[in-house]
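Chemist: One file is attached below, my_file_4.pdb, containing PDB, C-alpha atoms.
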ATOM      1  CA  MET A  27      88.606  97.594  95.811
ATOM      2  CA  PRO A  28      85.106  97.896  97.253
ATOM      3  CA  ALA A  29      84.484 100.920  99.432
ATOM      4  CA  ASN A  30      84.668 100.264 103.137
ATOM      5  CA  ASP A  31      81.130 100.347 104.531
ATOM      6  CA  MET A  32      82.171  99.242 108.017
ATOM      7  CA  PRO A  33      81.853 101.614 111.008
ATOM      8  CA  TRP A  34      85.643 102.030 110.973
ATOM      9  CA  SER A  35      88.280 102.844 108.373
ATOM     10  CA  TRP A  36      90.792 100.207 107.349
ATOM     11  CA  PRO A  37      93.686 102.210 108.917
ATOM     12  CA  GLU A  38      91.753 102.122 112.202
ATOM     13  CA  LEU A  39      91.276  98.368 111.829
ATOM     14  CA  ALA A  40      94.983  97.976 111.022
ATOM     15  CA  ALA A  41      96.028  99.961 114.095
ATOM     16  CA  ILE A  42      93.760  97.869 116.321
ATOM     17  CA  VAL A  43      94.889  94.535 114.856
ATOM     18  CA  LEU A  44      98.557  95.498 115.190
ATOM     19  CA  SER A  45      98.113  96.785 118.748
ATOM     20  CA  ARG A  46      97.061  93.279 119.773
ATOM     21  CA  GLU A  47     100.470  91.976 118.681
ATOM     22  CA  LEU A  48     102.430  94.118 121.161
ATOM     23  CA  ALA A  49     103.160  92.842 124.672
ATOM     24  CA  ASP A  50     103.563  94.626 127.984
ATOM     25  CA  GLY A  51     107.137  95.549 128.832
ATOM     26  CA  GLU A  52     108.380  95.476 125.247
ATOM     27  CA  VAL A  53     110.389  98.196 123.517
ATOM     28  CA  GLY A  54     110.024  99.069 119.852
ATOM     29  CA  SER A  55     109.807 101.628 117.057
ATOM     30  CA  PRO A  56     106.785 102.493 114.906
ATOM     31  CA  GLY A  57     108.930 103.448 111.896
ATOM     32  CA  GLY A  58     109.520 106.826 110.249
ATOM     33  CA  SER A  59     107.382 108.760 107.758
ATOM     34  CA  ARG A  60     103.776 107.727 107.083
ATOM     35  CA  SER A  61     103.747 105.993 110.459
ATOM     36  CA  GLU A  62     100.329 107.011 111.727
ATOM     37  CA  ILE A  63      99.067 103.389 111.708
ATOM     38  CA  PRO A  64     101.888 101.835 113.789
ATOM     39  CA  LEU A  65     102.190 104.897 116.035
ATOM     40  CA  ALA A  66      98.468 104.635 116.788
ATOM     41  CA  ALA A  67      98.837 100.880 117.328
ATOM     42  CA  ALA A  68     101.589 101.340 119.904
ATOM     43  CA  ARG A  69      99.755 104.104 121.779
ATOM     44  CA  LEU A  70      96.555 102.077 121.759
ATOM     45  CA  ALA A  71      98.403  99.067 123.181
ATOM     46  CA  GLN A  72      99.771 101.234 126.002
ATOM     47  CA  LEU A  73      96.310 102.542 126.873
ATOM     48  CA  THR A  74      94.516  99.186 126.770
ATOM     49  CA  ARG A  75      96.622  96.108 127.468
ATOM     50  CA  ALA A  76     100.333  96.960 127.618
ATOM     51  CA  PRO A  77     100.853  99.904 130.006
ATOM     52  CA  ASN A  78     104.607  99.302 130.256
ATOM     53  CA  LEU A  79     105.228  99.268 126.496
ATOM     54  CA  ALA A  80     107.935 101.739 125.461
ATOM     55  CA  ILE A  81     107.881 103.571 122.120
ATOM     56  CA  ILE A  82     111.135 104.802 120.602
ATOM     57  CA  THR A  83     110.075 107.386 118.037
ATOM     58  CA  SER A  84     112.505 106.468 115.270
ATOM     59  CA  ALA A  85     115.839 108.287 114.913
ATOM     60  CA  ALA A  86     114.482 111.198 116.962
ATOM     61  CA  GLY A  87     115.137 109.078 120.047
ATOM     62  CA  PHE A  88     112.106 110.113 122.126
ATOM     63  CA  VAL A  89     111.117 107.255 124.457
ATOM     64  CA  ALA A  90     107.416 107.684 125.097
ATOM     65  CA  ASN A  91     104.528 106.211 127.043
ATOM     66  CA  MET A  92     101.007 107.719 126.953
ATOM     67  CA  VAL A  93      99.660 106.148 130.149
ATOM     68  CA  ASP A  94      98.429 108.871 132.558
ATOM     69  CA  LYS A  95      99.917 111.587 130.339
ATOM     70  CA  PRO A  96      98.151 114.607 128.784
ATOM     71  CA  TRP A  97      96.622 113.924 125.388
ATOM     72  CA  SER A  98      98.840 114.621 122.388
ATOM     73  CA  PRO A  99      97.722 114.610 118.742
ATOM     74  CA  LEU A 100      98.527 111.703 116.463
ATOM     75  CA  VAL A 101     100.878 112.787 113.670
ATOM     76  CA  SER A 102     101.915 111.001 110.502
ATOM     77  CA  SER A 103     105.649 110.829 111.162
ATOM     78  CA  THR A 104     107.617 109.643 114.171
ATOM     79  CA  MET A 105     110.197 112.284 113.188
ATOM     80  CA  ASP A 106     107.673 115.084 113.822
ATOM     81  CA  TRP A 107     108.959 117.250 116.686
ATOM     82  CA  ARG A 108     105.493 117.293 118.266
ATOM     83  CA  ASN A 109     106.068 113.709 119.393
ATOM     84  CA  VAL A 110     108.207 115.145 122.168
ATOM     85  CA  TYR A 111     104.925 116.052 123.911
ATOM     86  CA  ALA A 112     103.446 112.576 123.470
ATOM     87  CA  GLY A 113     104.410 111.111 126.823
ATOM     88  CA  THR A 114     108.185 111.444 126.414
ATOM     89  CA  GLU A 115     110.011 110.049 129.454
ATOM     90  CA  ALA A 116     113.563 109.978 128.084
ATOM     91  CA  VAL A 117     115.590 111.002 125.045
ATOM     92  CA  LEU A 118     118.277 108.713 123.653
ATOM     93  CA  PRO A 119     121.503 110.229 122.314
ATOM     94  CA  SER A 120     121.725 109.969 118.529
ATOM     95  CA  SER A 121     124.696 107.620 118.849
ATOM     96  CA  GLY A 122     122.625 105.189 120.882
ATOM     97  CA  VAL A 123     119.298 105.174 119.023
ATOM     98  CA  PHE A 124     120.203 102.248 116.791
ATOM     99  CA  HIS A 125     121.974 100.328 119.538
ATOM    100  CA  THR A 126     118.957 100.084 121.803
ATOM    101  CA  ARG A 127     116.918  96.929 122.198
ATOM    102  CA  ARG A 128     114.067  96.474 119.703
ATOM    103  CA  ASP A 129     111.475  93.825 120.462
ATOM    104  CA  TRP A 130     109.423  95.032 117.502
ATOM    105  CA  PHE A 131     109.535  97.380 114.571
ATOM    106  CA  PHE A 132     107.102  98.509 111.868
ATOM    107  CA  ALA A 133     107.859  98.982 108.209
ATOM    108  CA  GLY A 134     105.898 100.251 105.234
ATOM    109  CA  ALA A 135     106.737  99.121 101.705
ATOM    110  CA  LEU A 136     106.198  99.915  98.051
ATOM    111  CA  GLN A 137     106.591  96.196  97.308
ATOM    112  CA  VAL A 138     106.790  93.058  99.395
ATOM    113  CA  ASP A 139     107.526  89.547  98.153
ATOM    114  CA  GLY A 140     106.545  86.074  99.302
ATOM    115  CA  TYR A 141     109.353  85.911 101.880
ATOM    116  CA  GLY A 142     108.633  89.305 103.413
ATOM    117  CA  ASN A 143     111.511  91.127 101.736
ATOM    118  CA  ILE A 144     110.791  94.844 101.310
ATOM    119  CA  ASN A 145     111.281  97.397  98.564
ATOM    120  CA  LEU A 146     111.000 100.994  99.698
ATOM    121  CA  THR A 147     113.564 102.397  97.261
ATOM    122  CA  ARG A 148     112.403 102.349  93.640
ATOM    123  CA  VAL A 149     109.794 100.716  91.410
ATOM    124  CA  ARG A 150     110.100 100.194  87.670
ATOM    125  CA  LEU A 151     107.228 101.673  85.655
ATOM    126  CA  LYS A 152     105.672 100.243  82.511
ATOM    127  CA  ASP A 153     107.081 103.074  80.386
ATOM    128  CA  GLY A 154     110.618 102.163  81.432
ATOM    129  CA  GLY A 155     110.961 104.921  84.002
ATOM    130  CA  GLU A 156     111.248 104.609  87.768
ATOM    131  CA  MET A 157     109.257 105.813  90.731
ATOM    132  CA  ARG A 158     111.508 106.687  93.628
ATOM    133  CA  GLY A 159     110.548 105.824  97.185
ATOM    134  CA  PRO A 160     111.841 107.257 100.486
ATOM    135  CA  GLY A 161     114.656 104.685 100.668
ATOM    136  CA  ALA A 162     116.112 102.720 103.537
ATOM    137  CA  ALA A 163     116.888 105.218 106.320
ATOM    138  CA  GLY A 164     117.063 102.872 109.353
ATOM    139  CA  LEU A 165     114.866 100.200 107.797
ATOM    140  CA  ALA A 166     117.646  97.865 106.644
ATOM    141  CA  TYR A 167     119.229  97.884 110.101
ATOM    142  CA  SER A 168     115.998  97.440 112.038
ATOM    143  CA  ALA A 169     114.829  94.601 109.777
ATOM    144  CA  THR A 170     117.977  92.679 110.643
ATOM    145  CA  MET A 171     118.073  93.374 114.377
ATOM    146  CA  ALA A 172     114.502  93.621 115.732
ATOM    147  CA  GLN A 173     113.128  90.477 117.344
ATOM    148  CA  ARG A 174     110.153  90.716 114.986
ATOM    149  CA  TYR A 175     108.650  93.304 112.715
ATOM    150  CA  PHE A 176     105.330  94.096 111.121
ATOM    151  CA  ILE A 177     104.794  95.273 107.542
ATOM    152  CA  TYR A 178     101.860  97.543 106.759
ATOM    153  CA  MET A 179     100.826  98.060 103.138
ATOM    154  CA  HIS A 180      98.628 100.951 101.998
ATOM    155  CA  GLU A 181      97.776  99.048  98.810
ATOM    156  CA  HIS A 182      97.062  95.389  98.093
ATOM    157  CA  SER A 183      97.541  94.698  94.396
ATOM    158  CA  ARG A 184      99.677  92.630  92.060
ATOM    159  CA  ARG A 185     102.069  95.556  91.777
ATOM    160  CA  SER A 186     102.610  95.795  95.539
ATOM    161  CA  PHE A 187     102.643  92.055  96.389
ATOM    162  CA  VAL A 188     105.161  90.765  93.861
ATOM    163  CA  GLN A 189     107.054  87.600  92.996
ATOM    164  CA  ARG A 190     110.306  89.533  92.569
ATOM    165  CA  LEU A 191     111.182  92.923  94.023
ATOM    166  CA  ASP A 192     112.478  95.677  91.781
ATOM    167  CA  TYR A 193     114.929  96.507  94.580
ATOM    168  CA  ARG A 194     115.566  94.857  97.948
ATOM    169  CA  THR A 195     115.709  97.610 100.553
ATOM    170  CA  ALA A 196     115.399  95.394 103.611
ATOM    171  CA  ILE A 197     115.503  91.678 104.192
ATOM    172  CA  GLY A 198     112.645  89.554 105.426
ATOM    173  CA  PHE A 199     113.372  85.849 105.131
ATOM    174  CA  GLY A 200     115.683  86.348 102.157
ATOM    175  CA  ASP A 201     115.452  83.405  99.769
ATOM    176  CA  GLY A 202     113.800  81.153 102.339
ATOM    177  CA  PRO A 203     114.814  78.948 105.284
ATOM    178  CA  GLY A 204     118.418  79.456 106.352
ATOM    179  CA  SER A 205     118.896  82.819 104.630
ATOM    180  CA  ARG A 206     118.918  84.963 107.751
ATOM    181  CA  GLU A 207     121.099  82.475 109.618
ATOM    182  CA  ALA A 208     123.632  82.385 106.764
ATOM    183  CA  LEU A 209     123.930  86.172 106.971
ATOM    184  CA  GLY A 210     124.360  86.095 110.751
ATOM    185  CA  LEU A 211     121.298  88.249 111.422
ATOM    186  CA  ARG A 212     120.182  88.377 115.037
ATOM    187  CA  GLY A 213     116.599  89.493 114.517
ATOM    188  CA  GLY A 214     113.673  87.167 113.991
ATOM    189  CA  GLY A 215     112.325  88.568 110.723
ATOM    190  CA  PRO A 216     108.812  89.657 109.734
ATOM    191  CA  ALA A 217     105.858  88.417 111.761
ATOM    192  CA  LEU A 218     102.840  89.895 109.966
ATOM    193  CA  VAL A 219     101.861  91.788 106.850
ATOM    194  CA  ILE A 220      98.632  93.773 106.989
ATOM    195  CA  SER A 221      96.927  95.420 104.020
ATOM    196  CA  PRO A 222      93.512  96.927 103.216
ATOM    197  CA  ARG A 223      92.367  93.400 102.286
ATOM    198  CA  GLY A 224      93.651  91.153 105.048
ATOM    199  CA  VAL A 225      96.318  89.890 107.417
ATOM    200  CA  MET A 226      99.124  87.553 106.405
ATOM    201  CA  ASP A 227     101.760  85.760 108.449
ATOM    202  CA  PHE A 228     104.534  83.318 107.493
ATOM    203  CA  ASP A 229     104.483  79.535 107.380
ATOM    204  CA  GLU A 230     106.760  78.176 110.098
ATOM    205  CA  ARG A 231     108.398  75.561 107.846
ATOM    206  CA  THR A 232     108.729  77.270 104.455
ATOM    207  CA  LEU A 233     108.709  80.897 105.729
ATOM    208  CA  ARG A 234     106.394  81.786 102.844
ATOM    209  CA  LEU A 235     103.627  84.338 103.079
ATOM    210  CA  ARG A 236     100.401  82.773 104.361
ATOM    211  CA  LEU A 237      96.908  84.215 104.532
ATOM    212  CA  ARG A 238      95.757  84.490 108.158
ATOM    213  CA  SER A 239      92.483  86.386 107.801
ATOM    214  CA  VAL A 240      90.504  88.604 105.442
ATOM    215  CA  HIS A 241      88.990  91.842 106.668
ATOM    216  CA  PRO A 242      85.229  92.191 107.070
ATOM    217  CA  GLY A 243      83.732  93.058 103.697
ATOM    218  CA  GLN A 244      86.629  91.493 101.771
ATOM    219  CA  SER A 245      86.873  88.006 100.242
ATOM    220  CA  VAL A 246      89.575  85.375  99.959
ATOM    221  CA  GLU A 247      89.061  85.227  96.195
ATOM    222  CA  ALA A 248      89.585  88.969  95.694
ATOM    223  CA  LEU A 249      92.650  89.032  97.934
ATOM    224  CA  VAL A 250      94.276  86.102  96.120
ATOM    225  CA  ALA A 251      93.460  87.586  92.705
ATOM    226  CA  ASN A 252      95.213  90.804  93.704
ATOM    227  CA  THR A 253      98.349  89.107  95.067
ATOM    228  CA  GLY A 254     101.236  88.760  92.636
ATOM    229  CA  CYS A 255     103.473  86.519  94.756
ATOM    230  CA  GLU A 256     103.025  82.956  95.923
ATOM    231  CA  LEU A 257     100.599  82.876  98.850
ATOM    232  CA  ILE A 258      99.701  79.950 101.067
ATOM    233  CA  VAL A 259      95.927  79.849 101.491
ATOM    234  CA  PRO A 260      94.568  77.572 104.248
ATOM    235  CA  THR A 261      91.390  75.593 103.626
ATOM    236  CA  VAL A 262      89.536  77.757 106.131
ATOM    237  CA  VAL A 263      90.336  81.473 106.348
ATOM    238  CA  PRO A 264      88.601  83.393 109.133
ATOM    239  CA  SER A 265      87.510  87.008 109.121
ATOM    240  CA  THR A 266      89.803  89.486 110.839
ATOM    241  CA  PRO A 267      88.362  90.028 114.346
ATOM    242  CA  ALA A 268      86.429  93.282 114.405
ATOM    243  CA  PRO A 269      87.434  96.103 116.759
ATOM    244  CA  SER A 270      85.838  95.921 120.167
ATOM    245  CA  GLU A 271      83.829  98.879 121.447
ATOM    246  CA  GLN A 272      86.602  99.610 123.966
ATOM    247  CA  GLU A 273      89.370  99.517 121.361
ATOM    248  CA  LEU A 274      87.524 101.826 118.995
ATOM    249  CA  ASP A 275      86.539 104.191 121.813
ATOM    250  CA  VAL A 276      90.103 104.499 123.151
ATOM    251  CA  LEU A 277      91.472 104.871 119.628
ATOM    252  CA  ARG A 278      89.119 107.733 118.751
ATOM    253  CA  ARG A 279      88.925 109.495 122.104
ATOM    254  CA  GLN A 280      92.495 109.167 123.412
ATOM    255  CA  VAL A 281      94.776 108.260 120.508
ATOM    256  CA  ASP A 282      93.343 109.870 117.376
ATOM    257  CA  ARG A 283      90.910 112.634 118.313
ATOM    258  CA  GLY A 284      91.789 114.483 115.128
ATOM    259  CA  GLY A 285      90.689 111.595 112.926
ATOM    260  CA  VAL A 286      94.024 111.121 111.122
ATOM    261  CA  LEU A 287      93.188 107.445 110.567
ATOM    262  CA  ARG A 288      89.762 108.327 109.158
ATOM    263  CA  ARG A 289      90.941 110.771 106.473
TER     264      ARG A 289
END
Turn this file's structure into structure tokens for me.
Modeler:
Amino acid sequence: MPANDMPWSWPELAAIVLSRELADGEVGSPGGSRSEIPLAAARLAQLTRAPNLAIITSAAGFVANMVDKPWSPLVSSTMDWRNVYAGTEAVLPSSGVFHTRRDWFFAGALQVDGYGNINLTRVRLKDGGEMRGPGAAGLAYSATMAQRYFIYMHEHSRRSFVQRLDYRTAIGFGDGPGSREALGLRGGGPALVISPRGVMDFDERTLRLRLRSVHPGQSVEALVANTGCELIVPTVVPSTPAPSEQELDVLRRQVDRGGVLRR
């Protein structure tokens, strides 16, 4: 993949793009480990356009809002105890963490398929061995119950975007239209997938992965060539909107002073 020569890193771009998807007054979780991108996205949304957004920091149960609070460093895991200082306004009992409303949720993945199903458990290697991932934790539950969720991929290749998962850790749209309904799932399923190459959503009729935009400096051709699952490609694919000066300033000065997203 070509080196990023933009004045921002792709994790910064991802955090900014995802922050635009969160609405004022909503409640959600940024995920668990390796959650610096969604955690930054949620904090950025609070400080720019959604001051009443509530962040539930995973199973730790801290309910946080950064508006008018002292600065707190961005950390890579929502399970990090230092999140207690990041604008915590309440703490949920452990028995109630997974029974609290979730308008949105974020999930990482080792593999994702054309219907947004996720593998975070194990991947088969060419030599016949396996690479183990972190597993489900609360992912399977949140993917079924959240009103919508966003998938962020640290790699965009034919081994990460696949036609068939090596293991299904959490459901997206299952085998297509009707799958979630047949299972009686209340949540709405995945809304977006973002990677270092672009942003994808899901076709309303077929529920298949669809290219929404390519990031500045990337191309449609390269993204498609590095996607191993079926992908709907519109005739015209725009460039992912660049960060505004305000978004980048708030992100670097108030959310991520330590440059976690630039490492």
Chemist: Could you tell me, as a ChimeraX atom specification, exactly which residues end up selected when the PyMOL selection byres ((chain A and resi 264) around 9) is applied to this structure?
Modeler: /A:238-241,262-263,265-267
Chemist: Mind pulling up the distance from CA of Leu165 (chain A) to CA of His125 (chain A)?
Modeler: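 Going from CA of His125 (chain A) over to CA of Leu165 (chain A), I get 13.7 Å.
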Chemist: At a cut-off of 7 Å, using all atoms listed in the file, what residues contact region 56-65 of chain A? Leave out same-chain residues fewer than 4 positions from it and give the result as a PyMOL selection string.
Modeler: chain A and resi 37+40-41+69+83-84+100-105+131-133
Chemist: Which is closest to Ser45 (chain A) among A:Tyr193, A:Trp130, A:Phe199, A:Tyr111, if we use all atoms listed in the file?
Modeler: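 Among the listed residues, the smallest separation from Ser45 (chain A) belongs to A:Trp130.
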Chemist: Selection in question (the file shown): the PyMOL selection byres ((chain A and resi 224-229) around 10). Which residues does it include, as an NGL selection string?
Modeler: :A and (36 or 40 or 43-44 or 140-142 or 176-178 or 182 or 199 or 215-223 or 230-242 or 244-246 or 249 or 257-259 or 265-266)
Chemist: I want to know what sits within 12 Å of Gly285 (chain A), based on all atoms listed in the file, with residues of the same chain fewer than 2 positions away left out; could you give that as a PyMOL selection string?
Modeler: chain A and resi 34-35+37-38+62-63+66+99-102+274+277-283+287-289
Chemist: Have a look at A:Asp50, A:Glu247, A:Asp106, A:Asp139 and name the one nearest to Arg185 (chain A); count only C-alpha atoms.
Modeler: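 Ranked by minimum distance to Arg185 (chain A), first place goes to A:Asp139.
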Chemist: One decimal, in Å: what's the spacing between CA of Ala71 (chain A) and CA of Ala49 (chain A)?
Modeler: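 Computing the Euclidean distance for CA of Ala71 (chain A) and CA of Ala49 (chain A) yields 8.0 Å.
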Chemist: Provide the CA of Pro160 (chain A) to CA of Glu47 (chain A) distance in Å, to one decimal place.
Modeler: 26.3 Å
Chemist: Place N, CA, C and O atoms on region 195-217 of chain A and deliver the coordinates as an mmCIF file, keeping the file's coordinate frame.
Modeler:
data_model
loop_
_atom_site.group_PDB
_atom_site.id
_atom_site.type_symbol
_atom_site.label_atom_id
_atom_site.label_comp_id
_atom_site.auth_asym_id
_atom_site.auth_seq_id
_atom_site.Cartn_x
_atom_site.Cartn_y
_atom_site.Cartn_z
ATOM 1 N N THR A 195 115.286 96.607 99.587
ATOM 2 C CA THR A 195 115.709 97.610 100.553
ATOM 3 C C THR A 195 116.036 96.990 101.898
ATOM 4 O O THR A 195 116.991 97.378 102.565
ATOM 5 N N ALA A 196 115.208 96.035 102.314
ATOM 6 C CA ALA A 196 115.399 95.394 103.611
ATOM 7 C C ALA A 196 115.014 93.927 103.513
ATOM 8 O O ALA A 196 114.106 93.552 102.770
ATOM 9 N N ILE A 197 115.707 93.114 104.271
ATOM 10 C CA ILE A 197 115.503 91.678 104.192
ATOM 11 C C ILE A 197 114.383 91.210 105.113
ATOM 12 O O ILE A 197 114.200 91.737 106.218
ATOM 13 N N GLY A 198 113.623 90.246 104.603
ATOM 14 C CA GLY A 198 112.645 89.554 105.426
ATOM 15 C C GLY A 198 113.236 88.192 105.742
ATOM 16 O O GLY A 198 114.112 88.059 106.594
ATOM 17 N N PHE A 199 112.774 87.175 105.000
ATOM 18 C CA PHE A 199 113.372 85.849 105.131
ATOM 19 C C PHE A 199 114.250 85.514 103.923
ATOM 20 O O PHE A 199 114.491 84.340 103.629
ATOM 21 N N GLY A 200 114.728 86.552 103.237
ATOM 22 C CA GLY A 200 115.683 86.348 102.157
ATOM 23 C C GLY A 200 115.149 85.462 101.054
ATOM 24 O O GLY A 200 114.111 85.734 100.456
ATOM 25 N N ASP A 201 115.869 84.370 100.786
ATOM 26 C CA ASP A 201 115.452 83.405 99.769
ATOM 27 C C ASP A 201 114.798 82.176 100.383
ATOM 28 O O ASP A 201 114.608 81.163 99.709
ATOM 29 N N GLY A 202 114.467 82.265 101.685
ATOM 30 C CA GLY A 202 113.800 81.153 102.339
ATOM 31 C C GLY A 202 114.545 80.666 103.568
ATOM 32 O O GLY A 202 115.429 81.359 104.092
ATOM 33 N N PRO A 203 114.190 79.485 104.070
ATOM 34 C CA PRO A 203 114.814 78.948 105.284
ATOM 35 C C PRO A 203 116.339 78.948 105.209
ATOM 36 O O PRO A 203 116.922 78.557 104.201
ATOM 37 N N GLY A 204 116.966 79.425 106.270
ATOM 38 C CA GLY A 204 118.418 79.456 106.352
ATOM 39 C C GLY A 204 119.052 80.743 105.890
ATOM 40 O O GLY A 204 120.234 80.999 106.179
ATOM 41 N N SER A 205 118.309 81.594 105.177
ATOM 42 C CA SER A 205 118.896 82.819 104.630
ATOM 43 C C SER A 205 119.366 83.775 105.722
ATOM 44 O O SER A 205 120.483 84.304 105.665
ATOM 45 N N ARG A 206 118.541 84.027 106.690
ATOM 46 C CA ARG A 206 118.918 84.963 107.751
ATOM 47 C C ARG A 206 120.077 84.404 108.577
ATOM 48 O O ARG A 206 120.990 85.124 108.953
ATOM 49 N N GLU A 207 120.034 83.101 108.838
ATOM 50 C CA GLU A 207 121.099 82.475 109.618
ATOM 51 C C GLU A 207 122.432 82.554 108.873
ATOM 52 O O GLU A 207 123.485 82.808 109.472
ATOM 53 N N ALA A 208 122.404 82.340 107.556
ATOM 54 C CA ALA A 208 123.632 82.385 106.764
ATOM 55 C C ALA A 208 124.258 83.776 106.782
ATOM 56 O O ALA A 208 125.492 83.911 106.685
ATOM 57 N N LEU A 209 123.434 84.803 106.925
ATOM 58 C CA LEU A 209 123.930 86.172 106.971
ATOM 59 C C LEU A 209 124.297 86.618 108.381
ATOM 60 O O LEU A 209 124.782 87.730 108.577
ATOM 61 N N GLY A 210 124.030 85.776 109.371
ATOM 62 C CA GLY A 210 124.360 86.095 110.751
ATOM 63 C C GLY A 210 123.470 87.147 111.372
ATOM 64 O O GLY A 210 123.900 87.880 112.269
ATOM 65 N N LEU A 211 122.214 87.230 110.907
ATOM 66 C CA LEU A 211 121.298 88.249 111.422
ATOM 67 C C LEU A 211 120.699 87.803 112.751
ATOM 68 O O LEU A 211 120.239 86.673 112.892
ATOM 69 N N ARG A 212 120.660 88.719 113.697
ATOM 70 C CA ARG A 212 120.182 88.377 115.037
ATOM 71 C C ARG A 212 118.667 88.460 115.180
ATOM 72 O O ARG A 212 118.072 87.790 116.022
ATOM 73 N N GLY A 213 118.043 89.316 114.391
ATOM 74 C CA GLY A 213 116.599 89.493 114.517
ATOM 75 C C GLY A 213 115.809 88.316 113.999
ATOM 76 O O GLY A 213 116.326 87.445 113.286
ATOM 77 N N GLY A 214 114.518 88.304 114.345
ATOM 78 C CA GLY A 214 113.673 87.167 113.991
ATOM 79 C C GLY A 214 112.957 87.267 112.663
ATOM 80 O O GLY A 214 112.340 86.308 112.224
ATOM 81 N N GLY A 215 112.992 88.433 112.011
ATOM 82 C CA GLY A 215 112.325 88.568 110.723
ATOM 83 C C GLY A 215 110.891 89.041 110.855
ATOM 84 O O GLY A 215 110.385 89.309 111.945
ATOM 85 N N PRO A 216 110.191 89.150 109.719
ATOM 86 C CA PRO A 216 108.812 89.657 109.734
ATOM 87 C C PRO A 216 107.845 88.685 110.394
ATOM 88 O O PRO A 216 107.997 87.474 110.267
ATOM 89 N N ALA A 217 106.865 89.240 111.096
ATOM 90 C CA ALA A 217 105.858 88.417 111.761
ATOM 91 C C ALA A 217 104.514 88.487 111.057
ATOM 92 O O ALA A 217 103.830 87.474 110.918
#
